[in-house]
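Undergrad: This is entry_32.pdb, which holds PDB, C-alpha atoms, pLDDT in the B column:
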ATOM      1  CA  MET A   1      -2.754  64.012-190.474  1.00 55.00           C
ATOM      2  CA  ASN A   2      -5.718  66.001-191.705  1.00 68.00           C
ATOM      3  CA  PHE A   3      -8.420  66.212-189.030  1.00 74.00           C
ATOM      4  CA  SER A   4     -11.766  67.897-189.484  1.00 82.00           C
ATOM      5  CA  LEU A   5     -15.253  67.649-188.073  1.00 80.00           C
ATOM      6  CA  THR A   6     -16.513  66.489-191.473  1.00 86.00           C
ATOM      7  CA  SER A   7     -14.145  63.518-191.512  1.00 88.00           C
ATOM      8  CA  LEU A   8     -15.095  62.657-187.922  1.00 84.00           C
ATOM      9  CA  TYR A   9     -18.795  62.819-188.830  1.00 84.00           C
ATOM     10  CA  LYS A  10     -18.288  60.595-191.891  1.00 88.00           C
ATOM     11  CA  TRP A  11     -16.365  58.059-189.817  1.00 88.00           C
ATOM     12  CA  TYR A  12     -19.071  57.987-187.136  1.00 86.00           C
ATOM     13  CA  ARG A  13     -21.850  57.658-189.720  1.00 86.00           C
ATOM     14  CA  ASN A  14     -20.104  54.843-191.596  1.00 88.00           C
ATOM     15  CA  ALA A  15     -19.241  53.007-188.374  1.00 88.00           C
ATOM     16  CA  ILE A  16     -22.793  53.124-187.028  1.00 85.00           C
ATOM     17  CA  ARG A  17     -24.229  51.951-190.346  1.00 84.00           C
ATOM     18  CA  HIS A  18     -21.872  48.978-190.477  1.00 86.00           C
ATOM     19  CA  PRO A  19     -23.613  46.007-188.772  1.00 84.00           C
ATOM     20  CA  LYS A  20     -20.346  44.665-187.365  1.00 88.00           C
ATOM     21  CA  TYR A  21     -19.430  47.883-185.513  1.00 87.00           C
ATOM     22  CA  ARG A  22     -22.880  49.332-184.788  1.00 87.00           C
ATOM     23  CA  TRP A  23     -23.236  48.105-181.196  1.00 87.00           C
ATOM     24  CA  TRP A  24     -19.664  49.082-180.347  1.00 89.00           C
ATOM     25  CA  VAL A  25     -20.305  52.635-181.524  1.00 89.00           C
ATOM     26  CA  ILE A  26     -23.606  52.839-179.622  1.00 87.00           C
ATOM     27  CA  ILE A  27     -22.015  51.532-176.419  1.00 90.00           C
ATOM     28  CA  GLY A  28     -19.013  53.835-176.863  1.00 89.00           C
ATOM     29  CA  THR A  29     -21.298  56.824-177.350  1.00 88.00           C
ATOM     30  CA  ILE A  30     -23.286  56.013-174.212  1.00 88.00           C
ATOM     31  CA  VAL A  31     -20.086  55.498-172.189  1.00 89.00           C
ATOM     32  CA  TYR A  32     -18.771  58.851-173.432  1.00 86.00           C
ATOM     33  CA  LEU A  33     -22.012  60.574-172.420  1.00 85.00           C
ATOM     34  CA  ILE A  34     -21.937  59.027-168.930  1.00 85.00           C
ATOM     35  CA  SER A  35     -18.212  59.482-168.413  1.00 83.00           C
ATOM     36  CA  PRO A  36     -16.969  62.566-166.563  1.00 79.00           C
ATOM     37  CA  LEU A  37     -14.078  62.820-169.062  1.00 80.00           C
ATOM     38  CA  ASP A  38     -15.280  64.860-172.028  1.00 78.00           C
ATOM     39  CA  ILE A  39     -13.860  67.151-174.657  1.00 77.00           C
ATOM     40  CA  SER A  40     -15.540  69.983-172.783  1.00 77.00           C
ATOM     41  CA  PRO A  41     -16.235  69.160-169.118  1.00 76.00           C
ATOM     42  CA  ASP A  42     -19.865  69.055-168.045  1.00 73.00           C
ATOM     43  CA  PHE A  43     -19.365  71.376-165.077  1.00 75.00           C
ATOM     44  CA  LEU A  44     -19.024  74.328-167.498  1.00 76.00           C
ATOM     45  CA  PRO A  45     -22.548  75.788-167.801  1.00 80.00           C
ATOM     46  CA  ILE A  46     -23.221  75.772-171.559  1.00 85.00           C
ATOM     47  CA  ALA A  47     -20.031  74.592-173.241  1.00 79.00           C
ATOM     48  CA  GLY A  48     -20.075  71.364-171.232  1.00 79.00           C
ATOM     49  CA  GLN A  49     -23.407  70.277-172.645  1.00 84.00           C
ATOM     50  CA  ILE A  50     -22.779  71.266-176.285  1.00 85.00           C
ATOM     51  CA  ASP A  51     -20.657  68.232-177.184  1.00 83.00           C
ATOM     52  CA  ASP A  52     -23.039  65.887-175.352  1.00 86.00           C
ATOM     53  CA  PHE A  53     -26.061  67.375-177.108  1.00 88.00           C
ATOM     54  CA  MET A  54     -24.374  67.137-180.523  1.00 86.00           C
ATOM     55  CA  LEU A  55     -23.393  63.528-179.921  1.00 87.00           C
ATOM     56  CA  VAL A  56     -26.889  62.538-178.729  1.00 90.00           C
ATOM     57  CA  SER A  57     -28.521  64.246-181.719  1.00 90.00           C
ATOM     58  CA  LEU A  58     -26.089  62.545-184.112  1.00 88.00           C
ATOM     59  CA  LEU A  59     -26.731  59.156-182.493  1.00 89.00           C
ATOM     60  CA  VAL A  60     -30.518  59.567-182.671  1.00 91.00           C
ATOM     61  CA  LYS A  61     -30.371  60.776-186.288  1.00 89.00           C
ATOM     62  CA  GLU A  62     -28.195  57.926-187.500  1.00 86.00           C
ATOM     63  CA  LEU A  63     -30.078  55.228-185.589  1.00 87.00           C
ATOM     64  CA  SER A  64     -33.412  56.479-186.915  1.00 89.00           C
ATOM     65  CA  GLU A  65     -32.061  56.343-190.471  1.00 86.00           C
ATOM     66  CA  VAL A  66     -30.772  52.803-189.908  1.00 84.00           C
ATOM     67  CA  ILE A  67     -34.148  51.709-188.539  1.00 87.00           C
ATOM     68  CA  LEU A  68     -36.087  53.397-191.333  1.00 88.00           C
ATOM     69  CA  ASN A  69     -33.835  51.873-194.003  1.00 84.00           C
ATOM     70  CA  ARG A  70     -34.284  48.437-192.430  1.00 82.00           C
ATOM     71  CA  TYR A  71     -38.088  48.590-192.584  1.00 82.00           C
ATOM     72  CA  LYS A  72     -38.324  50.437-195.899  1.00 80.00           C
ATOM     73  CA  PRO A  73     -37.660  47.345-198.099  1.00 74.00           C
ATOM     74  CA  GLN A  74     -40.432  45.472-196.284  1.00 72.00           C
ATOM     75  CA  GLN A  75     -42.837  48.340-196.933  1.00 69.00           C
ATOM     76  CA  ASP A  76     -41.780  48.478-200.592  1.00 67.00           C
ATOM     77  CA  GLN A  77     -42.329  44.734-200.931  1.00 68.00           C
ATOM     78  CA  ASN A  78     -45.766  44.962-199.298  1.00 68.00           C
ATOM     79  CA  SER A  79     -46.779  47.881-201.503  1.00 66.00           C
ATOM     80  CA  SER A  80     -45.625  46.063-204.663  1.00 62.00           C
ATOM     81  CA  GLU A  81     -47.660  43.001-203.646  1.00 61.00           C
ATOM     82  CA  SER A  82     -50.738  45.126-203.056  1.00 59.00           C
ATOM     83  CA  ALA A  83     -50.172  46.902-206.368  1.00 55.00           C
ATOM     84  CA  THR A  84     -50.100  43.598-208.238  1.00 56.00           C
ATOM     85  CA  THR A  85     -53.274  42.426-206.560  1.00 55.00           C
ATOM     86  CA  ALA A  86     -54.949  45.732-207.364  1.00 56.00           C
ATOM     87  CA  ARG A  87     -54.122  45.319-211.047  1.00 64.00           C
ATOM     88  CA  LYS A  88     -55.874  41.970-211.366  1.00 69.00           C
ATOM     89  CA  THR A  89     -59.188  42.195-213.151  1.00 74.00           C
ATOM     90  CA  VAL A  90     -62.174  39.962-212.824  1.00 74.00           C
ATOM     91  CA  ASP A  91     -64.282  39.099-215.859  1.00 77.00           C
ATOM     92  CA  VAL A  92     -67.987  38.974-215.150  1.00 77.00           C
ATOM     93  CA  GLU A  93     -70.645  37.686-217.527  1.00 81.00           C
ATOM     94  CA  ALA A  94     -73.920  39.512-217.268  1.00 77.00           C
ATOM     95  CA  VAL A  95     -76.999  37.334-217.380  1.00 80.00           C
ATOM     96  CA  GLU A  96     -80.445  38.767-217.947  1.00 78.00           C
ATOM     97  CA  THR A  97     -82.761  37.557-215.228  1.00 77.00           C
ATOM     98  CA  GLY A  98     -86.042  39.039-216.364  1.00 68.00           C
ATOM     99  CA  THR A  99     -87.420  40.611-219.446  1.00 62.00           C
ATOM    100  CA  VAL A 100     -88.856  44.046-219.593  1.00 60.00           C
ATOM    101  CA  SER A 101     -91.811  44.381-221.868  1.00 59.00           C
ATOM    102  CA  SER A 102     -92.253  47.528-223.818  1.00 59.00           C
ATOM    103  CA  ASN A 103     -95.877  48.512-224.494  1.00 57.00           C
TER     104      ASN A 103
END
Write the structure described by the file as structure tokens, please.
TA:
Amino acid sequence: MNFSLTSLYKWYRNAIRHPKYRWWVIIGTIVYLISPLDISPDFLPIAGQIDDFMLVSLLVKELSEVILNRYKPQQDQNSSESATTARKTVDVEAVETGTVSSN
């Protein structure tokens, strides 16, 4: 079996973007961060926090992209509606109210 960090990252990204598995991945990530069982134990000064930091940054990055992609279509729809209303023109007929006499 071919295992690499790239394949693990792609799996995580696809799983968190899938609505059916999103909450399971989020809960699993939080449980992993809280759990004392890690790939590198947390009692090691720097190495123990590296995997936790990478996982938190990946979770925040992917969740922010999911949230931004969810609200982006609404913004596009609102901007297209405002663009159509901005393109409407109003015809105005000018009426002369007074005459100016030239001497």
Undergrad: On this structure, the PyMOL selection byres ((chain A and resi 1-12) around 12) would catch which residues? List them as a ChimeraX atom specification, sorted by chain and number.
TA: /A:13-18,21-22,24-26,28-29,54-55,58-59,61-63
Undergrad: Take the selection from the previous step and output its residues with C-alpha atoms, as a compact mmCIF listing (two decimals), in the coordinates of the input.
TA:
# COMPACT_ATOMS: atom_id res chain seq x y z
CA ARG A 13 -21.85 57.66 -189.72
CA ASN A 14 -20.10 54.84 -191.60
CA ALA A 15 -19.24 53.01 -188.37
CA ILE A 16 -22.79 53.12 -187.03
CA ARG A 17 -24.23 51.95 -190.35
CA HIS A 18 -21.87 48.98 -190.48
CA TYR A 21 -19.43 47.88 -185.51
CA ARG A 22 -22.88 49.33 -184.79
CA TRP A 24 -19.66 49.08 -180.35
CA VAL A 25 -20.30 52.64 -181.52
CA ILE A 26 -23.61 52.84 -179.62
CA GLY A 28 -19.01 53.84 -176.86
CA THR A 29 -21.30 56.82 -177.35
CA MET A 54 -24.37 67.14 -180.52
CA LEU A 55 -23.39 63.53 -179.92
CA LEU A 58 -26.09 62.54 -184.11
CA LEU A 59 -26.73 59.16 -182.49
CA LYS A 61 -30.37 60.78 -186.29
CA GLU A 62 -28.20 57.93 -187.50
CA LEU A 63 -30.08 55.23 -185.59
Undergrad: Tell me, in Å to one decimal, how far atom CA of A:Ile30 is from atom CA of A:Leu44.
TA: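 Between atom CA of A:Ile30 and atom CA of A:Leu44 the gap works out to 20.0 Å.
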Undergrad: Could you jot down the atom CA of A:Pro19 to atom CA of A:Gln49 separation for me, Å, one decimal place?
TA: 29.1 Å
Undergrad: Find the residue from A:Val90, A:Leu37, A:Val95, A:Ile27 that sits nearest to A:Asp52; use all atoms listed in the file when measuring.
TA: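 Checking each of A:Val90, A:Leu37, A:Val95, A:Ile27 against A:Asp52, counting all atoms listed in the file, the winner is A:Leu37.
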Undergrad: How many Å separate atom CA of A:Trp23 from atom CA of A:Val66?
TA: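 These atoms are spaced 12.4 Å apart.
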